[in-house]
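Student: Just so it is clear, I am handing over target_9.pdb, which has PDB, C-alpha atoms.
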ATOM      1  CA  MET K   1     133.299 117.668 114.937
ATOM      2  CA  GLU K   2     132.459 121.300 114.232
ATOM      3  CA  SER K   3     128.796 122.144 114.310
ATOM      4  CA  THR K   4     127.249 125.009 112.353
ATOM      5  CA  GLY K   5     123.529 125.504 111.879
ATOM      6  CA  GLY K   6     122.669 121.896 112.623
ATOM      7  CA  LYS K   7     125.330 120.472 110.277
ATOM      8  CA  GLY K   8     128.508 118.699 111.255
ATOM      9  CA  LEU K   9     131.619 118.178 109.160
ATOM     10  CA  ALA K  10     134.069 115.394 109.811
ATOM     11  CA  ASN K  11     136.607 113.607 107.635
ATOM     12  CA  GLY K  12     135.351 115.360 104.518
ATOM     13  CA  SER K  13     131.812 114.057 105.033
ATOM     14  CA  LEU K  14     128.592 115.859 105.724
ATOM     15  CA  ALA K  15     126.191 114.891 108.505
ATOM     16  CA  TRP K  16     123.045 116.621 109.692
ATOM     17  CA  THR K  17     123.079 116.737 113.469
ATOM     18  CA  GLY K  18     120.072 118.925 114.339
ATOM     19  CA  PRO K  19     116.605 117.570 115.191
ATOM     20  CA  GLU K  20     115.163 119.176 112.060
ATOM     21  CA  ILE K  21     116.405 119.224 108.464
ATOM     22  CA  PRO K  22     114.847 122.344 106.911
ATOM     23  CA  SER K  23     116.036 121.588 103.377
ATOM     24  CA  LEU K  24     113.768 118.525 103.283
ATOM     25  CA  TYR K  25     110.654 120.662 103.770
ATOM     26  CA  GLY K  26     110.944 121.771 100.151
ATOM     27  CA  ILE K  27     111.102 118.158  98.949
ATOM     28  CA  ARG K  28     108.009 117.367 101.015
ATOM     29  CA  GLY K  29     106.193 120.349  99.520
ATOM     30  CA  VAL K  30     107.023 119.347  95.958
ATOM     31  CA  ALA K  31     106.019 115.723  96.630
ATOM     32  CA  ALA K  32     102.696 116.839  98.142
ATOM     33  CA  MET K  33     101.965 118.991  95.110
ATOM     34  CA  VAL K  34     102.787 116.111  92.770
ATOM     35  CA  VAL K  35     100.329 113.891  94.681
ATOM     36  CA  VAL K  36      97.586 116.493  94.163
ATOM     37  CA  LEU K  37      98.420 116.917  90.475
ATOM     38  CA  GLY K  38      98.558 113.147  90.043
ATOM     39  CA  HIS K  39      95.065 112.674  91.496
ATOM     40  CA  LEU K  40      93.846 115.440  89.178
ATOM     41  CA  ARG K  41      95.324 113.428  86.279
ATOM     42  CA  LEU K  42      97.618 116.328  85.411
ATOM     43  CA  VAL K  43     100.801 114.342  86.083
ATOM     44  CA  LYS K  44     100.890 110.771  84.822
ATOM     45  CA  GLY K  45     101.939 108.379  87.567
ATOM     46  CA  GLY K  46     102.900 111.320  89.739
ATOM     47  CA  ALA K  47     100.881 110.380  92.803
ATOM     48  CA  ILE K  48     102.525 107.007  93.447
ATOM     49  CA  ASP K  49     105.993 108.360  92.611
ATOM     50  CA  ALA K  50     105.517 111.140  95.148
ATOM     51  CA  VAL K  51     104.264 108.659  97.762
ATOM     52  CA  ILE K  52     107.496 106.683  97.305
ATOM     53  CA  VAL K  53     109.418 109.908  97.956
ATOM     54  CA  PHE K  54     107.375 110.399 101.132
ATOM     55  CA  PHE K  55     108.246 106.872 102.273
ATOM     56  CA  VAL K  56     111.969 107.478 101.754
ATOM     57  CA  LEU K  57     111.759 110.787 103.606
ATOM     58  CA  SER K  58     109.824 109.156 106.434
ATOM     59  CA  GLY K  59     112.386 106.381 106.817
ATOM     60  CA  PHE K  60     115.186 108.937 106.828
ATOM     61  CA  LEU K  61     113.622 111.385 109.279
ATOM     62  CA  ILE K  62     112.371 108.802 111.771
ATOM     63  CA  THR K  63     115.749 107.062 111.801
ATOM     64  CA  HIS K  64     117.495 110.416 112.134
ATOM     65  CA  LEU K  65     115.426 111.149 115.260
ATOM     66  CA  LEU K  66     116.090 107.695 116.708
ATOM     67  CA  LEU K  67     119.810 108.074 116.100
ATOM     68  CA  LYS K  68     119.819 111.488 117.781
ATOM     69  CA  GLN K  69     118.072 110.095 120.860
ATOM     70  CA  TYR K  70     120.279 106.997 121.028
ATOM     71  CA  ASP K  71     123.504 108.983 120.695
ATOM     72  CA  LYS K  72     122.343 111.454 123.344
ATOM     73  CA  THR K  73     120.921 109.053 125.938
ATOM     74  CA  GLY K  74     122.359 105.663 125.016
ATOM     75  CA  GLY K  75     118.897 104.210 124.474
ATOM     76  CA  ILE K  76     115.461 104.677 122.939
ATOM     77  CA  SER K  77     112.339 105.670 124.849
ATOM     78  CA  LEU K  78     109.541 103.822 123.069
ATOM     79  CA  ARG K  79     106.970 105.612 125.207
ATOM     80  CA  GLN K  80     108.279 109.013 124.106
ATOM     81  CA  PHE K  81     108.543 107.938 120.476
ATOM     82  CA  TYR K  82     105.019 106.524 120.236
ATOM     83  CA  LEU K  83     103.540 109.447 122.151
ATOM     84  CA  ARG K  84     105.030 111.881 119.644
ATOM     85  CA  ARG K  85     103.644 109.868 116.729
ATOM     86  CA  VAL K  86     100.191 109.751 118.336
ATOM     87  CA  LEU K  87     100.102 113.492 118.988
ATOM     88  CA  ARG K  88     101.349 114.244 115.491
ATOM     89  CA  ILE K  89      98.976 111.997 113.527
ATOM     90  CA  PHE K  90      95.927 110.921 115.523
ATOM     91  CA  PRO K  91      94.167 114.303 115.989
ATOM     92  CA  ALA K  92      94.241 115.221 112.302
ATOM     93  CA  PHE K  93      93.459 111.711 111.074
ATOM     94  CA  TYR K  94      90.561 110.967 113.390
ATOM     95  CA  GLY K  95      89.243 114.491 112.887
ATOM     96  CA  PHE K  96      89.175 113.823 109.145
ATOM     97  CA  ALA K  97      87.515 110.438 109.716
ATOM     98  CA  ALA K  98      84.819 111.999 111.912
ATOM     99  CA  CYS K  99      84.073 114.637 109.258
ATOM    100  CA  TYR K 100      83.867 111.929 106.591
ATOM    101  CA  ILE K 101      81.465 109.738 108.596
ATOM    102  CA  LEU K 102      79.263 112.608 109.784
ATOM    103  CA  GLY K 103      79.213 114.108 106.314
ATOM    104  CA  ARG K 104      77.967 110.914 104.723
ATOM    105  CA  ILE K 105      75.368 110.495 107.449
ATOM    106  CA  ALA K 106      74.174 114.067 106.921
ATOM    107  CA  LEU K 107      73.944 113.522 103.171
ATOM    108  CA  LYS K 108      72.244 110.157 103.708
ATOM    109  CA  LEU K 109      74.968 108.345 101.808
ATOM    110  CA  PRO K 110      75.827 104.705 102.566
ATOM    111  CA  LEU K 111      78.715 103.819 104.843
ATOM    112  CA  HIS K 112      80.788 100.683 104.316
ATOM    113  CA  TRP K 113      81.749  99.981 107.916
ATOM    114  CA  PRO K 114      84.285  97.158 107.310
ATOM    115  CA  SER K 115      86.349  99.519 105.153
ATOM    116  CA  ILE K 116      85.952 102.350 107.647
ATOM    117  CA  LEU K 117      87.008 100.187 110.595
ATOM    118  CA  ALA K 118      90.047  98.989 108.633
ATOM    119  CA  CYS K 119      91.065 102.579 107.958
ATOM    120  CA  LEU K 120      90.474 103.604 111.574
ATOM    121  CA  THR K 121      92.785 100.809 112.759
ATOM    122  CA  TYR K 122      95.466 101.578 110.147
ATOM    123  CA  THR K 123      94.939  98.288 108.322
ATOM    124  CA  GLY K 124      93.151  99.751 105.324
ATOM    125  CA  ASN K 125      96.058  98.891 103.035
ATOM    126  CA  TYR K 126      95.552  95.174 103.713
ATOM    127  CA  TYR K 127      91.773  95.371 103.626
ATOM    128  CA  SER K 128      91.888  96.900 100.148
ATOM    129  CA  SER K 129      94.475  94.291  99.108
ATOM    130  CA  PHE K 130      92.236  91.351  99.972
ATOM    131  CA  HIS K 131      88.931  93.061  99.147
ATOM    132  CA  PRO K 132      89.688  94.784  95.829
ATOM    133  CA  ASN K 133      85.987  95.203  95.045
ATOM    134  CA  ALA K 134      85.144  96.933  98.312
ATOM    135  CA  PRO K 135      84.030 100.594  98.131
ATOM    136  CA  ALA K 136      86.929 103.029  98.105
ATOM    137  CA  THR K 137      86.073 104.269 101.590
ATOM    138  CA  MET K 138      88.845 106.562 102.854
ATOM    139  CA  MET K 139      91.241 104.289 100.984
ATOM    140  CA  GLN K 140      93.513 107.212 100.227
ATOM    141  CA  THR K 141      94.758 106.527 103.753
ATOM    142  CA  TRP K 142      96.512 103.309 102.630
ATOM    143  CA  SER K 143      99.883 105.082 102.642
ATOM    144  CA  LEU K 144      99.258 106.391 106.169
ATOM    145  CA  ALA K 145      98.573 102.811 107.265
ATOM    146  CA  ILE K 146     101.977 101.781 105.913
ATOM    147  CA  GLU K 147     103.584 104.671 107.789
ATOM    148  CA  GLU K 148     101.928 103.611 111.044
ATOM    149  CA  GLN K 149     103.010  99.995 110.572
ATOM    150  CA  PHE K 150     106.547 101.270 110.003
ATOM    151  CA  TYR K 151     106.403 103.377 113.177
ATOM    152  CA  LEU K 152     105.287 100.334 115.122
ATOM    153  CA  LEU K 153     108.018  97.972 113.902
ATOM    154  CA  TRP K 154     111.120  99.987 113.079
ATOM    155  CA  PRO K 155     111.987 101.352 116.576
ATOM    156  CA  LEU K 156     111.977  97.791 117.927
ATOM    157  CA  ILE K 157     114.367  96.644 115.187
ATOM    158  CA  PHE K 158     116.505  99.755 115.562
ATOM    159  CA  MET K 159     116.909  99.228 119.313
ATOM    160  CA  ARG K 160     118.327  95.763 118.705
ATOM    161  CA  TRP K 161     121.066  96.915 116.347
ATOM    162  CA  ALA K 162     121.611 100.598 117.204
ATOM    163  CA  HIS K 163     124.953  99.818 118.863
ATOM    164  CA  ASN K 164     126.296  98.246 115.663
ATOM    165  CA  ARG K 165     125.761 100.678 112.791
ATOM    166  CA  SER K 166     127.681  98.546 110.318
ATOM    167  CA  ALA K 167     125.470  95.534 110.962
ATOM    168  CA  LEU K 168     122.397  97.748 110.819
ATOM    169  CA  MET K 169     123.355  99.061 107.388
ATOM    170  CA  LYS K 170     124.104  95.579 106.095
ATOM    171  CA  GLY K 171     120.773  94.354 107.410
ATOM    172  CA  LEU K 172     118.933  97.201 105.704
ATOM    173  CA  ILE K 173     120.674  96.504 102.398
ATOM    174  CA  ALA K 174     119.750  92.824 102.676
ATOM    175  CA  ALA K 175     116.154  93.768 103.520
ATOM    176  CA  ILE K 176     115.887  96.047 100.488
ATOM    177  CA  PHE K 177     117.062  93.310  98.111
ATOM    178  CA  ALA K 178     114.797  90.759  99.812
ATOM    179  CA  ILE K 179     111.779  93.035  99.333
ATOM    180  CA  TRP K 180     112.619  93.504  95.643
ATOM    181  CA  ILE K 181     112.772  89.738  95.175
ATOM    182  CA  TYR K 182     109.558  89.221  97.126
ATOM    183  CA  ARG K 183     107.722  91.884  95.115
ATOM    184  CA  TRP K 184     108.933  90.349  91.868
ATOM    185  CA  ALA K 185     107.730  86.921  93.048
ATOM    186  CA  THR K 186     104.272  88.247  93.933
ATOM    187  CA  LEU K 187     103.948  89.672  90.441
ATOM    188  CA  VAL K 188     105.215  86.520  88.742
ATOM    189  CA  PHE K 189     102.763  84.355  90.646
ATOM    190  CA  HIS K 190      99.934  86.861  90.144
ATOM    191  CA  PHE K 191      99.285  87.275  93.851
ATOM    192  CA  GLY K 192      97.392  90.460  93.177
ATOM    193  CA  GLY K 193      98.168  93.900  91.833
ATOM    194  CA  THR K 194      96.352  95.637  94.683
ATOM    195  CA  TYR K 195      98.384  93.699  97.234
ATOM    196  CA  VAL K 196     101.667  94.630  95.560
ATOM    197  CA  TYR K 197     100.532  98.233  95.372
ATOM    198  CA  SER K 198      99.503  98.773  98.985
ATOM    199  CA  SER K 199     100.866  96.135 101.365
ATOM    200  CA  PHE K 200     103.559  97.040 103.862
ATOM    201  CA  GLU K 201     105.983  94.279 102.903
ATOM    202  CA  THR K 202     105.976  95.269  99.231
ATOM    203  CA  ARG K 203     106.436  98.965  99.989
ATOM    204  CA  ALA K 204     108.927  98.740 102.846
ATOM    205  CA  ASP K 205     111.930  99.007 100.517
ATOM    206  CA  ALA K 206     111.406 102.764 100.137
ATOM    207  CA  LEU K 207     111.225 103.142 103.905
ATOM    208  CA  ALA K 208     114.332 100.970 104.320
ATOM    209  CA  ILE K 209     116.230 103.088 101.787
ATOM    210  CA  GLY K 210     115.448 106.163 103.874
ATOM    211  CA  CYS K 211     116.567 104.352 107.034
ATOM    212  CA  LEU K 212     119.790 103.271 105.322
ATOM    213  CA  LEU K 213     120.572 106.818 104.198
ATOM    214  CA  ALA K 214     120.047 108.133 107.736
ATOM    215  CA  VAL K 215     122.328 105.511 109.308
ATOM    216  CA  ALA K 216     124.961 106.000 106.601
ATOM    217  CA  ASN K 217     124.770 109.753 107.112
ATOM    218  CA  ALA K 218     125.255 109.392 110.875
ATOM    219  CA  ALA K 219     128.233 107.107 110.260
ATOM    220  CA  TYR K 220     129.728 109.661 107.838
ATOM    221  CA  LYS K 221     129.419 107.263 104.901
ATOM    222  CA  ILE K 222     127.740 109.831 102.644
ATOM    223  CA  PRO K 223     130.331 111.972 100.826
ATOM    224  CA  ARG K 224     130.131 115.735 100.997
ATOM    225  CA  TRP K 225     128.518 117.279  97.914
TER     226      TRP K 225
END
Just give me the structure of the file as C-alpha cells.

Tutor:
Amino acid sequence: MESTGGKGLANGSLAWTGPEIPSLYGIRGVAAMVVVLGHLRLVKGGAIDAVIVFFVLSGFLITHLLLKQYDKTGGISLRQFYLRRVLRIFPAFYGFAACYILGRIALKLPLHWPSILACLTYTGNYYSSFHPNAPATMMQTWSLAIEEQFYLLWPLIFMRWAHNRSALMKGLIAAIFAIWIYRWATLVFHFGGTYVYSSFETRADALAIGCLLAVANAAYKIPRW
C-alpha cells in the first residue's frame, strides 16, 4: 500500500490511514453552525439533523482510532482510550457546569439538583426522557451524554470482534436495522417522544453507521471517488 499524506490506495479503493482526517473538520464546522442556526430558529429542524451528523462522525472517528491502534499493536489499551476521552471532554464540560451553577447562585436563581446531577454523570438524556416536565437544566448536554455512553460501550464491543472485520461489519448492519425496528416500535406503542429523541438506544444507529463506515474503509470496501 502506498501512503501519501495520510491516505492509502489499494486495489482501486481509498482508505485514510493517518490519525487525523482533516477534511472532516469542515463537516464538523458546518454541522456546528447548523446547530447554532437551528437553536436560533433560523434553520428548521437543523439542530437535530446536525447532531445526527455529529453522531456519525463520532462513530467514524472513534472507530478509525481504535482500528489504527489495533492494527499497530494487535490490541486495544482501554486505559489509554478512556484517558484520552477524559482529558478531551471533562475539563471543558465540568468547567461549563461550574460556571452554570455558580452563575445561577450569583443571580439567586433556583437550581434543580436532580437534573444537574444527571447531567454531571452523563445520564441527562435518560433523566429528561423519564422526567419530561423537569426544568431544562443543562439539558443541551443530552447529546454529550449519548457520546459518553458510546465511548464506554463501543471499545469493549470492538475488542471482541476486531480480529474479524467481516463479522464486525455484519454485526453493525444488524444493529442498525434492529435499532430502526426498536425506534419504530417505541413510536407505535407511544413509549414517549422525549425518550425516542434522546435515549442512547434510539440514537445509536447514527453512531453505528459511522462505525460501519470506518470498518468498511479500513477493509477497503469503500470505492474510490

Student: CA of Phe200 (chain K) and CA of Leu156 (chain K) are how many Å apart?

Tutor: 16.4 Å

Student: I need the output of the PyMOL selection byres ((chain K and resi 105-116) around 9) for this file as a PyMOL selection string; which residues are they?

Tutor: chain K and resi 97+100-104+117-121+124+127-128+134-139

Student: Give as JSON, numbers by chain the residues that the PyMOL selection byres ((chain K and resi 209) around 8) matches when applied to the coordinates above.

Tutor: {"K": [56, 59, 60, 172, 173, 176, 205, 206, 207, 208, 210, 211, 212, 213]}

Student: Give as a list in words the residues that the PyMOL selection byres ((chain K and resi 158-163) around 10) matches when applied to the coordinates above.

Tutor: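 Applied to this file, the PyMOL selection byres ((chain K and resi 158-163) around 10) selects Thr63, Leu66, Leu67, Tyr70, Asp71, Gly74, Gly75, Ile76, Ser77, Leu78, Leu153, Trp154, Pro155, Leu156, Ile157, Asn164, Arg165, Ser166, Ala167, Leu168, Met169, Gly171, Cys211 and Val215 of chain K.
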
Student: Find the spatial neighbours of Phe130 (chain K), counting only C-alpha atoms, within a cut-off of 12 Å - ignore same-chain residues fewer than 6 positions away - and output them as an NGL selection string.

Tutor: :K and (115 or 118 or 123-124 or 191-199)

Student: Quick one: 3 Å padding each side, axis-aligned, all listed atoms of region 165-184 of chain K - centre and edge lengths in Å to one decimal, as AutoDock Vina command-line options?

Tutor:
--center_x 117.7 --center_y 94.9 --center_z 102.3 --size_x 26.0 --size_y 17.5 --size_z 26.9

Student: Kindly give the distance, in Å, that separates CA of Val53 (chain K) and CA of Arg88 (chain K), rounded to a single decimal.

Tutor: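 CA of Val53 (chain K) sits 19.8 Å away from CA of Arg88 (chain K).
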
Student: Go through K:Ile181, K:Glu148, K:His131, K:His190 one by one, measure the shortest atom-to-atom distance of each to Phe90 (chain K) using all atoms listed in the file, and give the residue with the smallest value.

Tutor: K:Glu148

Student: Could you please determine the separation between CA of Arg183 (chain K) and CA of Phe55 (chain K) in Å, to one decimal place?

Tutor: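 Separation of CA of Arg183 (chain K) and CA of Phe55 (chain K): 16.6 Å.
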
Student: Considering all atoms listed in the file, can you say which of K:Cys99, K:Leu187, K:Leu24, K:Ala175 comes closest to Leu61 (chain K)?

Tutor: K:Leu24

Student: Would you list the contacts of Ala31 (chain K) as a CSV table (one decimal) with C-alpha atoms, keeping the file's coordinate frame, taking every protein, DNA or RNA residue within 7 Å and counting only C-alpha atoms, but skipping same-chain residues closer than 4 positions in sequence?

Tutor:
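Wrote part.csv, looks like this:
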chain,number,residue,atom,x,y,z
K,27,ILE,CA,111.1,118.2,98.9
K,35,VAL,CA,100.3,113.9,94.7
K,50,ALA,CA,105.5,111.1,95.1
K,53,VAL,CA,109.4,109.9,98.0

Student: Kindly indicate which residue among K:Ile52, K:Leu57, K:Ile89, K:Ala204 lies nearest to Val34 (chain K), using all atoms listed in the file for the distances.

Tutor: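 The closest residue to Val34 (chain K) is K:Ile52.
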